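Chemist: Input structure: target_15.cif, which contains mmCIF, C-alpha atoms.
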data_final
loop_
_atom_site.label_atom_id
_atom_site.label_comp_id
_atom_site.auth_asym_id
_atom_site.auth_seq_id
_atom_site.Cartn_x
_atom_site.Cartn_y
_atom_site.Cartn_z
CA MET A 1 1.01 6.00 23.57
CA LYS A 2 0.82 6.16 19.79
CA ASN A 3 -2.33 6.54 17.73
CA VAL A 4 -3.28 4.04 15.06
CA MET A 5 -5.43 4.99 12.11
CA ILE A 6 -7.89 2.48 10.67
CA PRO A 7 -10.21 2.79 7.68
CA GLU A 8 -13.60 4.36 8.38
CA GLU A 9 -15.35 1.21 7.15
CA LEU A 10 -13.51 -0.94 9.69
CA PHE A 11 -14.32 1.54 12.45
CA GLY A 12 -18.00 1.36 11.51
CA LYS A 13 -17.92 -2.44 11.68
CA ILE A 14 -16.30 -2.33 15.12
CA ILE A 15 -19.04 0.02 16.34
CA LYS A 16 -21.75 -2.23 14.92
CA TYR A 17 -20.14 -5.26 16.55
CA HIS A 18 -19.84 -3.72 20.02
CA LEU A 19 -22.83 -1.41 20.24
CA LEU A 20 -25.39 -3.21 18.09
CA ASP A 21 -24.22 -6.79 18.78
CA GLN A 22 -23.92 -7.62 15.09
CA GLU A 23 -21.86 -10.80 15.34
CA GLN A 24 -21.61 -11.22 11.55
CA GLU A 25 -19.06 -8.39 11.47
CA ALA A 26 -16.52 -10.40 13.53
CA ASP A 27 -14.71 -12.02 10.58
CA ASP A 28 -14.38 -8.73 8.69
CA ILE A 29 -13.10 -7.00 11.82
CA ARG A 30 -10.56 -9.76 12.46
CA LYS A 31 -9.29 -9.61 8.87
CA GLY A 32 -9.10 -5.81 8.91
CA LEU A 33 -7.20 -5.71 12.19
CA GLU A 34 -4.79 -8.44 11.05
CA LYS A 35 -4.12 -6.48 7.87
CA LYS A 36 -3.44 -3.31 9.88
CA LEU A 37 -1.15 -5.17 12.29
CA ASP A 38 0.83 -6.65 9.39
CA ALA A 39 1.24 -3.18 7.89
CA MET A 40 2.45 -1.81 11.22
CA VAL A 41 5.00 -4.60 11.68
CA ASN A 42 6.21 -4.22 8.08
CA ARG A 43 6.71 -0.49 8.63
CA LYS A 44 8.63 -1.12 11.85
CA VAL A 45 10.95 -3.65 10.19
CA TYR A 46 11.48 -1.31 7.22
CA SER A 47 12.35 1.56 9.59
CA LYS A 48 14.85 -0.65 11.40
CA PHE A 49 16.37 -1.57 8.03
CA LYS A 50 16.77 2.09 7.04
CA THR A 51 18.20 3.21 10.41
CA ALA A 52 20.35 0.24 11.43
CA PRO A 53 23.80 1.33 12.58
CA THR A 54 25.78 -1.50 10.98
CA GLU A 55 25.75 -3.09 7.56
CA GLU A 56 25.08 -6.53 9.09
CA GLU A 57 21.99 -5.29 10.92
CA ARG A 58 20.75 -3.51 7.79
CA GLU A 59 21.05 -6.72 5.80
CA LYS A 60 19.32 -8.72 8.54
CA PHE A 61 16.34 -6.33 8.61
CA ARG A 62 16.27 -6.11 4.81
CA GLN A 63 15.99 -9.88 4.56
CA GLU A 64 13.29 -9.93 7.25
CA TYR A 65 11.34 -7.24 5.41
CA LEU A 66 11.58 -9.10 2.09
CA ASP A 67 10.51 -12.33 3.78
CA ARG A 68 7.47 -10.60 5.31
CA LYS A 69 6.51 -9.13 1.94
CA GLY A 70 6.78 -12.56 0.30
CA MET A 71 9.57 -11.61 -2.09
CA GLN A 72 10.99 -14.73 -3.73
CA GLU A 73 14.69 -15.44 -3.34
CA SER A 74 15.18 -15.39 -7.12
CA PHE A 75 14.06 -11.73 -7.29
CA ARG A 76 16.45 -10.50 -4.61
CA TRP A 77 19.92 -9.19 -5.22
#
Represent the structure contained in this file as structure tokens.

Modeler:
Amino acid sequence: MKNVMIPEELFGKIIKYHLLDQEQEADDIRKGLEKKLDAMVNRKVYSKFKTAPTEEEREKFRQEYLDRKGMQESFRW
């Protein structure tokens, strides 16, 4: 099992939500966790792009990475 690091502020909000029943933290927690998940998926796709065995797979993962980052088609080569 891998470890995942989150910002200290997000960790504090998670503690407040679970231990102190502060429901107002739910939206911030959801946004923070979604941001972290997106970063993890982007890193995984980028790693696949850099380590793909064939040129076709590299291009496929490169396009997927650029799509996830929101890079416009006109800026790509």

Chemist: Name the residues in contact with Lys44 (chain A) at a cut-off of 12 Å, using only C-alpha atoms, excluding same-chain residues fewer than 6 positions from it; report them as a CSV table (one decimal) with C-alpha atoms, in the frame of the given file.

Modeler:
chain,number,residue,atom,x,y,z
A,37,LEU,CA,-1.2,-5.2,12.3
A,38,ASP,CA,0.8,-6.6,9.4
A,50,LYS,CA,16.8,2.1,7.0
A,51,THR,CA,18.2,3.2,10.4
A,52,ALA,CA,20.4,0.2,11.4
A,61,PHE,CA,16.3,-6.3,8.6
A,62,ARG,CA,16.3,-6.1,4.8
A,64,GLU,CA,13.3,-9.9,7.2
A,65,TYR,CA,11.3,-7.2,5.4
A,68,ARG,CA,7.5,-10.6,5.3

Chemist: Set the distance at 8 Å and use all atoms listed in the file: which residues neighbour region 23-28 of chain A once local chain neighbours fewer than 2 positions away are removed? I'd like the list as a PyMOL selection string.

Modeler: chain A and resi 10+13-14+16-17+21+30-32

Chemist: Of the candidates A:Gly12, A:Asn3, A:Leu66, A:Met71, which one gets nearest to Asn42 (chain A) if we count all atoms listed in the file?

Modeler: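 Ranking A:Gly12, A:Asn3, A:Leu66, A:Met71 by distance to Asn42 (chain A), first place goes to A:Leu66.
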
Chemist: Would you mind reading off the distance between CA of Val4 (chain A) and CA of Ile29 (chain A), one decimal, in Å?

Modeler: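 Taking CA of Val4 (chain A) as the start and CA of Ile29 (chain A) as the end point, the length is 15.1 Å.
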
Chemist: How far is it from CA of Met5 (chain A) to CA of Lys35 (chain A), in Å with one decimal?

Modeler: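 If I compute the distance from CA of Met5 (chain A) to CA of Lys35 (chain A), I get 12.3 Å.
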
Chemist: Can you write region 26-59 of chain A from the block above with N, CA and C atoms, as a compact mmCIF listing (two decimals), in the first residue's frame?

Modeler:
# COMPACT_ATOMS: atom_id res chain seq x y z
N ALA A 26 -17.09 20.09 4.94
CA ALA A 26 -17.29 19.04 3.93
C ALA A 26 -16.95 19.50 2.52
N ASP A 27 -17.37 20.69 2.13
CA ASP A 27 -17.09 21.16 0.77
C ASP A 27 -15.59 21.37 0.54
N ASP A 28 -14.92 21.97 1.53
CA ASP A 28 -13.47 22.18 1.41
C ASP A 28 -12.73 20.85 1.34
N ILE A 29 -13.16 19.88 2.13
CA ILE A 29 -12.53 18.56 2.11
C ILE A 29 -12.73 17.90 0.76
N ARG A 30 -13.95 17.96 0.24
CA ARG A 30 -14.25 17.36 -1.07
C ARG A 30 -13.38 17.98 -2.16
N LYS A 31 -13.29 19.31 -2.17
CA LYS A 31 -12.48 19.99 -3.18
C LYS A 31 -11.01 19.64 -3.04
N GLY A 32 -10.51 19.60 -1.82
CA GLY A 32 -9.11 19.26 -1.58
C GLY A 32 -8.77 17.86 -2.02
N LEU A 33 -9.66 16.91 -1.70
CA LEU A 33 -9.42 15.52 -2.08
C LEU A 33 -9.53 15.33 -3.60
N GLU A 34 -10.46 16.03 -4.24
CA GLU A 34 -10.57 15.95 -5.70
C GLU A 34 -9.31 16.51 -6.36
N LYS A 35 -8.79 17.60 -5.82
CA LYS A 35 -7.57 18.19 -6.35
C LYS A 35 -6.39 17.21 -6.22
N LYS A 36 -6.30 16.55 -5.06
CA LYS A 36 -5.22 15.59 -4.84
C LYS A 36 -5.37 14.40 -5.77
N LEU A 37 -6.59 13.91 -5.95
CA LEU A 37 -6.82 12.77 -6.85
C LEU A 37 -6.45 13.13 -8.28
N ASP A 38 -6.82 14.32 -8.74
CA ASP A 38 -6.45 14.76 -10.08
C ASP A 38 -4.93 14.80 -10.24
N ALA A 39 -4.24 15.30 -9.23
CA ALA A 39 -2.78 15.37 -9.30
C ALA A 39 -2.18 13.96 -9.36
N MET A 40 -2.75 13.03 -8.62
CA MET A 40 -2.24 11.66 -8.63
C MET A 40 -2.45 11.00 -10.00
N VAL A 41 -3.62 11.21 -10.58
CA VAL A 41 -3.92 10.62 -11.89
C VAL A 41 -3.03 11.26 -12.96
N ASN A 42 -2.85 12.58 -12.89
CA ASN A 42 -1.97 13.25 -13.85
C ASN A 42 -0.56 12.70 -13.77
N ARG A 43 -0.06 12.48 -12.57
CA ARG A 43 1.29 11.95 -12.39
C ARG A 43 1.40 10.53 -12.95
N LYS A 44 0.36 9.73 -12.75
CA LYS A 44 0.37 8.36 -13.26
C LYS A 44 0.39 8.35 -14.79
N VAL A 45 -0.44 9.20 -15.41
CA VAL A 45 -0.47 9.27 -16.88
C VAL A 45 0.86 9.78 -17.41
N TYR A 46 1.45 10.78 -16.74
CA TYR A 46 2.74 11.31 -17.17
C TYR A 46 3.82 10.23 -17.07
N SER A 47 3.80 9.44 -15.99
CA SER A 47 4.78 8.36 -15.84
C SER A 47 4.62 7.32 -16.93
N LYS A 48 3.37 7.01 -17.27
CA LYS A 48 3.14 6.05 -18.37
C LYS A 48 3.67 6.62 -19.68
N PHE A 49 3.49 7.91 -19.90
CA PHE A 49 4.00 8.56 -21.11
C PHE A 49 5.52 8.44 -21.18
N LYS A 50 6.19 8.69 -20.07
CA LYS A 50 7.66 8.67 -20.07
C LYS A 50 8.24 7.26 -20.17
N THR A 51 7.50 6.24 -19.74
CA THR A 51 8.05 4.89 -19.69
C THR A 51 7.40 3.93 -20.69
N ALA A 52 6.55 4.42 -21.56
CA ALA A 52 5.88 3.55 -22.53
C ALA A 52 6.90 2.90 -23.46
N PRO A 53 6.71 1.61 -23.73
CA PRO A 53 7.69 0.89 -24.54
C PRO A 53 7.67 1.22 -26.03
N THR A 54 6.53 1.64 -26.55
CA THR A 54 6.44 1.93 -27.98
C THR A 54 6.10 3.39 -28.21
N GLU A 55 6.45 3.86 -29.39
CA GLU A 55 6.17 5.25 -29.75
C GLU A 55 4.67 5.53 -29.79
N GLU A 56 3.87 4.55 -30.24
CA GLU A 56 2.42 4.73 -30.30
C GLU A 56 1.82 4.89 -28.90
N GLU A 57 2.30 4.08 -27.96
CA GLU A 57 1.80 4.20 -26.59
C GLU A 57 2.24 5.52 -25.96
N ARG A 58 3.47 5.94 -26.24
CA ARG A 58 3.95 7.23 -25.72
C ARG A 58 3.06 8.36 -26.21
N GLU A 59 2.74 8.34 -27.49
CA GLU A 59 1.90 9.40 -28.06
C GLU A 59 0.49 9.36 -27.47
